[in-house]
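Q: Quick one: the structure is below, and I'll ask about it shortly.
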Amino acid sequence: MPLYEFNNLKPTVGAGTWIAPSAEIIGNVTIGKNCYIGFGAVIRGDFGPIIIGNESLIEENVVIHTATCTEIGNRVIVGHMAMIHDAIIKDGSLVGMKAMICEGVVIGEGSIIAEQTLVIKNQQIPPGKIYAGSPAELKKEVSEHHREMLHLGVQAYIELIQLYHQTLKPVAL
């Protein structure tokens, strides 16, 4: 696994979590149970702790760093190429592809940050809201349909995690 001790701090990983061989998990990082950490993801806990809850999905090429503390709740989806720095993302939220979440941001439970959104320093996103744009602006409320789709997305990845554990193998040419 691509886990690295740094300054006497070692990552910890919960049971059932799958980490891509090209991901890099460094230092003071705690990852919960049954998470997916995608190819090329970098989770760098060298200045402070990074805590990721259970059944969260950190997709390909995501960068997570912190100067003080970054917390990502349970069943959070972080889309491909997103960047998170010194933020708190509450349970059941979605951070869309290529979104940038800056220092001091708090994203409320069950909120959706659209793809390529810039959530600026210290911005507070209330629970159950959809934000988009650069800088992020309120667009609408999260609907029951959105919540169902997020649930189905996490469940699909939970099944995918099992397939990766069971079937991913290097191929010799």
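Labels used: A, B, ... for chains in the order of the structure tokens, numbers from 1 for residues in each chain, and numbers from 1 for ligands as shown.
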Could you pull the residues within 9 Å of region 148-151 of chain A, counting only C-alpha atoms, minus those fewer than 4 positions along the same chain, as JSON, numbers by chain?
A: {"A": [75, 76, 77, 92, 93, 94, 143, 144, 155, 156]}
Q: Which residues in region 22-157 of chain A does DSSP call helix (DSSP H, G or I)? List them as a list in words.
A: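 Restricting region 22-157 of chain A to helix (DSSP H, G or I) produces Glu144, His145, His146, Arg147, Glu148, Met149, Leu150, His151, Leu152, Gly153, Val154, Gln155, Ala156 and Tyr157 of chain A.
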Q: Just write the chosen residues, N, CA and C atoms, as an mmCIF file, in the first residue's frame.
A:
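Okay, this is what ended up in selection38.cif:
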data_model
loop_
_atom_site.group_PDB
_atom_site.id
_atom_site.type_symbol
_atom_site.label_atom_id
_atom_site.label_comp_id
_atom_site.auth_asym_id
_atom_site.auth_seq_id
_atom_site.Cartn_x
_atom_site.Cartn_y
_atom_site.Cartn_z
ATOM 1 N N GLU A 144 -34.959 15.288 -2.576
ATOM 2 C CA GLU A 144 -34.970 13.860 -2.234
ATOM 3 C C GLU A 144 -34.327 13.051 -3.359
ATOM 4 N N HIS A 145 -34.552 13.444 -4.593
ATOM 5 C CA HIS A 145 -33.910 12.764 -5.732
ATOM 6 C C HIS A 145 -32.385 12.856 -5.631
ATOM 7 N N HIS A 146 -31.864 14.036 -5.303
ATOM 8 C CA HIS A 146 -30.418 14.191 -5.136
ATOM 9 C C HIS A 146 -29.903 13.257 -4.044
ATOM 10 N N ARG A 147 -30.616 13.215 -2.912
ATOM 11 C CA ARG A 147 -30.188 12.350 -1.796
ATOM 12 C C ARG A 147 -30.182 10.883 -2.208
ATOM 13 N N GLU A 148 -31.190 10.470 -2.954
ATOM 14 C CA GLU A 148 -31.244 9.085 -3.438
ATOM 15 C C GLU A 148 -30.071 8.784 -4.361
ATOM 16 N N MET A 149 -29.761 9.714 -5.255
ATOM 17 C CA MET A 149 -28.657 9.501 -6.199
ATOM 18 C C MET A 149 -27.316 9.433 -5.468
ATOM 19 N N LEU A 150 -27.123 10.275 -4.447
ATOM 20 C CA LEU A 150 -25.890 10.213 -3.653
ATOM 21 C C LEU A 150 -25.785 8.873 -2.942
ATOM 22 N N HIS A 151 -26.878 8.413 -2.369
ATOM 23 C CA HIS A 151 -26.889 7.114 -1.695
ATOM 24 C C HIS A 151 -26.533 6.003 -2.678
ATOM 25 N N LEU A 152 -27.154 6.020 -3.855
ATOM 26 C CA LEU A 152 -26.861 4.996 -4.867
ATOM 27 C C LEU A 152 -25.404 5.064 -5.324
ATOM 28 N N GLY A 153 -24.854 6.274 -5.435
ATOM 29 C CA GLY A 153 -23.459 6.431 -5.827
ATOM 30 C C GLY A 153 -22.515 5.812 -4.818
ATOM 31 N N VAL A 154 -22.762 6.068 -3.537
ATOM 32 C CA VAL A 154 -21.914 5.468 -2.496
ATOM 33 C C VAL A 154 -22.071 3.952 -2.526
ATOM 34 N N GLN A 155 -23.298 3.465 -2.640
ATOM 35 C CA GLN A 155 -23.519 2.011 -2.653
ATOM 36 C C GLN A 155 -22.817 1.353 -3.831
ATOM 37 N N ALA A 156 -22.831 1.998 -4.994
ATOM 38 C CA ALA A 156 -22.134 1.440 -6.165
ATOM 39 C C ALA A 156 -20.643 1.317 -5.895
ATOM 40 N N TYR A 157 -20.072 2.313 -5.239
ATOM 41 C CA TYR A 157 -18.648 2.258 -4.914
ATOM 42 C C TYR A 157 -18.352 1.225 -3.843
#
Q: Would you kindly return, as a VMD selection string, each protein, DNA or RNA residue with an atom no farther than 9 Å from any atom of Gly16 (chain A), considering only C-alpha atoms and excluding same-chain residues fewer than 6 positions away?
A: chain A and resid 32 to 35 161 to 162 165
Q: Atoms to include: N, CA and C atoms. Write the selected residues as a PDB file, in the first residue's frame.
A:
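Output below, filename out_29.pdb:
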ATOM      1  N   GLY A  32     -11.320   5.979   7.456  1.00  0.00           N
ATOM      2  CA  GLY A  32     -12.293   5.071   8.057  1.00  0.00           C
ATOM      3  C   GLY A  32     -12.444   3.765   7.299  1.00  0.00           C
ATOM      4  N   LYS A  33     -13.499   3.042   7.657  1.00  0.00           N
ATOM      5  CA  LYS A  33     -13.797   1.726   7.082  1.00  0.00           C
ATOM      6  C   LYS A  33     -14.471   1.865   5.719  1.00  0.00           C
ATOM      7  N   ASN A  34     -14.178   0.898   4.852  1.00  0.00           N
ATOM      8  CA  ASN A  34     -14.868   0.747   3.562  1.00  0.00           C
ATOM      9  C   ASN A  34     -14.836   2.004   2.700  1.00  0.00           C
ATOM     10  N   CYS A  35     -13.693   2.675   2.690  1.00  0.00           N
ATOM     11  CA  CYS A  35     -13.505   3.852   1.835  1.00  0.00           C
ATOM     12  C   CYS A  35     -12.857   3.443   0.515  1.00  0.00           C
ATOM     13  N   ILE A 161     -15.528  -1.428  -4.447  1.00  0.00           N
ATOM     14  CA  ILE A 161     -14.408  -1.670  -3.534  1.00  0.00           C
ATOM     15  C   ILE A 161     -14.167  -3.166  -3.397  1.00  0.00           C
ATOM     16  N   GLN A 162     -15.232  -3.931  -3.245  1.00  0.00           N
ATOM     17  CA  GLN A 162     -15.087  -5.385  -3.124  1.00  0.00           C
ATOM     18  C   GLN A 162     -14.475  -5.985  -4.379  1.00  0.00           C
ATOM     19  N   HIS A 165     -10.763  -5.228  -4.399  1.00  0.00           N
ATOM     20  CA  HIS A 165     -10.063  -6.121  -3.459  1.00  0.00           C
ATOM     21  C   HIS A 165      -9.884  -7.515  -4.063  1.00  0.00           C
TER      22      HIS A 165
END
Q: Just list as a PyMOL selection string whatever in chain A DSSP marks as strand (DSSP E).
A: chain A and resi 3-4+12-13+18-19+24-31+36-37+42-52+57-58+63-65+70-72+77-78+83-85+88-89+94-95+100-101+106-107+112-113+118-119+124-125+129-132+137-141
Q: Take the residues just selected and output them with C-alpha atoms as a PDB file, in the first residue's frame.
A:
ATOM      1  CA  LEU A   3       1.338   4.641   2.913  1.00  0.00           C
ATOM      2  CA  TYR A   4       4.216   6.762   4.216  1.00  0.00           C
ATOM      3  CA  THR A  12      -4.169   4.511   9.793  1.00  0.00           C
ATOM      4  CA  VAL A  13      -6.671   2.796   7.530  1.00  0.00           C
ATOM      5  CA  TRP A  18      -9.286   0.046  -0.780  1.00  0.00           C
ATOM      6  CA  ILE A  19      -6.378   2.315  -1.751  1.00  0.00           C
ATOM      7  CA  GLU A  24      -0.062   8.511  -1.749  1.00  0.00           C
ATOM      8  CA  ILE A  25      -1.135   8.715   1.898  1.00  0.00           C
ATOM      9  CA  ILE A  26       1.413  10.604   4.000  1.00  0.00           C
ATOM     10  CA  GLY A  27       1.756  11.195   7.737  1.00  0.00           C
ATOM     11  CA  ASN A  28      -1.081  12.101  10.096  1.00  0.00           C
ATOM     12  CA  VAL A  29      -3.979  10.643   8.096  1.00  0.00           C
ATOM     13  CA  THR A  30      -6.872   8.574   9.436  1.00  0.00           C
ATOM     14  CA  ILE A  31      -9.115   6.831   6.905  1.00  0.00           C
ATOM     15  CA  TYR A  36     -12.314   4.153  -1.755  1.00  0.00           C
ATOM     16  CA  ILE A  37      -9.081   6.061  -2.402  1.00  0.00           C
ATOM     17  CA  VAL A  42      -2.621  12.504  -2.662  1.00  0.00           C
ATOM     18  CA  ILE A  43      -3.631  12.817   0.997  1.00  0.00           C
ATOM     19  CA  ARG A  44      -0.843  14.694   2.758  1.00  0.00           C
ATOM     20  CA  GLY A  45      -1.016  15.008   6.543  1.00  0.00           C
ATOM     21  CA  ASP A  46       2.399  16.555   7.133  1.00  0.00           C
ATOM     22  CA  PHE A  47       1.368  19.842   8.824  1.00  0.00           C
ATOM     23  CA  GLY A  48      -1.777  18.613  10.574  1.00  0.00           C
ATOM     24  CA  PRO A  49      -4.278  15.762  10.751  1.00  0.00           C
ATOM     25  CA  ILE A  50      -6.561  14.646   7.955  1.00  0.00           C
ATOM     26  CA  ILE A  51      -9.530  12.561   9.047  1.00  0.00           C
ATOM     27  CA  ILE A  52     -11.771  10.743   6.558  1.00  0.00           C
ATOM     28  CA  LEU A  57     -15.012   8.067  -1.693  1.00  0.00           C
ATOM     29  CA  ILE A  58     -11.890   9.995  -2.651  1.00  0.00           C
ATOM     30  CA  VAL A  63      -5.511  16.366  -3.477  1.00  0.00           C
ATOM     31  CA  ILE A  64      -6.185  16.768   0.250  1.00  0.00           C
ATOM     32  CA  HIS A  65      -3.821  18.801   2.431  1.00  0.00           C
ATOM     33  CA  THR A  70      -9.072  18.684   7.445  1.00  0.00           C
ATOM     34  CA  GLU A  71     -12.094  16.539   8.280  1.00  0.00           C
ATOM     35  CA  ILE A  72     -14.215  14.649   5.785  1.00  0.00           C
ATOM     36  CA  ILE A  77     -18.049  11.704  -2.288  1.00  0.00           C
ATOM     37  CA  VAL A  78     -15.063  13.776  -3.439  1.00  0.00           C
ATOM     38  CA  MET A  83      -8.698  19.912  -4.136  1.00  0.00           C
ATOM     39  CA  ILE A  84      -9.429  20.272  -0.424  1.00  0.00           C
ATOM     40  CA  HIS A  85      -7.279  22.347   1.940  1.00  0.00           C
ATOM     41  CA  ILE A  88     -14.531  20.453   7.134  1.00  0.00           C
ATOM     42  CA  ILE A  89     -16.928  18.473   4.955  1.00  0.00           C
ATOM     43  CA  LEU A  94     -20.662  15.684  -2.489  1.00  0.00           C
ATOM     44  CA  VAL A  95     -17.698  17.707  -3.738  1.00  0.00           C
ATOM     45  CA  MET A 100     -11.602  23.672  -4.983  1.00  0.00           C
ATOM     46  CA  ILE A 101     -12.417  23.835  -1.286  1.00  0.00           C
ATOM     47  CA  VAL A 106     -17.316  24.207   6.370  1.00  0.00           C
ATOM     48  CA  ILE A 107     -19.656  22.281   4.078  1.00  0.00           C
ATOM     49  CA  ILE A 112     -23.594  19.383  -2.938  1.00  0.00           C
ATOM     50  CA  ILE A 113     -20.729  21.430  -4.366  1.00  0.00           C
ATOM     51  CA  LEU A 118     -14.514  27.483  -5.999  1.00  0.00           C
ATOM     52  CA  VAL A 119     -15.509  27.609  -2.324  1.00  0.00           C
ATOM     53  CA  GLN A 124     -19.837  28.402   5.214  1.00  0.00           C
ATOM     54  CA  ILE A 125     -22.142  26.141   3.200  1.00  0.00           C
ATOM     55  CA  LYS A 129     -27.839  23.127  -0.211  1.00  0.00           C
ATOM     56  CA  ILE A 130     -26.402  23.061  -3.727  1.00  0.00           C
ATOM     57  CA  TYR A 131     -23.652  25.574  -4.480  1.00  0.00           C
ATOM     58  CA  ALA A 132     -21.942  26.250  -7.813  1.00  0.00           C
ATOM     59  CA  GLU A 137     -23.142  30.726  -4.795  1.00  0.00           C
ATOM     60  CA  LEU A 138     -26.347  29.110  -3.580  1.00  0.00           C
ATOM     61  CA  LYS A 139     -28.270  27.559  -6.474  1.00  0.00           C
ATOM     62  CA  LYS A 140     -31.021  25.525  -4.780  1.00  0.00           C
ATOM     63  CA  GLU A 141     -31.993  23.021  -2.107  1.00  0.00           C
TER      64      GLU A 141
END
Q: In Å to one decimal, how far is CA of Ser22 (chain A) from CA of Ser111 (chain A)?
A: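 According to the coordinates, CA of Ser111 (chain A) and CA of Ser22 (chain A) are separated by 29.2 Å.
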Q: What is the CA of Met97 (chain A)-CA of Thr117 (chain A) distance in Å, reported with one decimal?
A: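 Distance reported for this atom pair: 8.6 Å.
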Q: May I ask for the distance between CA of Asn61 (chain A) and CA of Ala99 (chain A), given in Å to one decimal place?
A: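 One can read the CA of Asn61 (chain A) to CA of Ala99 (chain A) distance as 11.9 Å.
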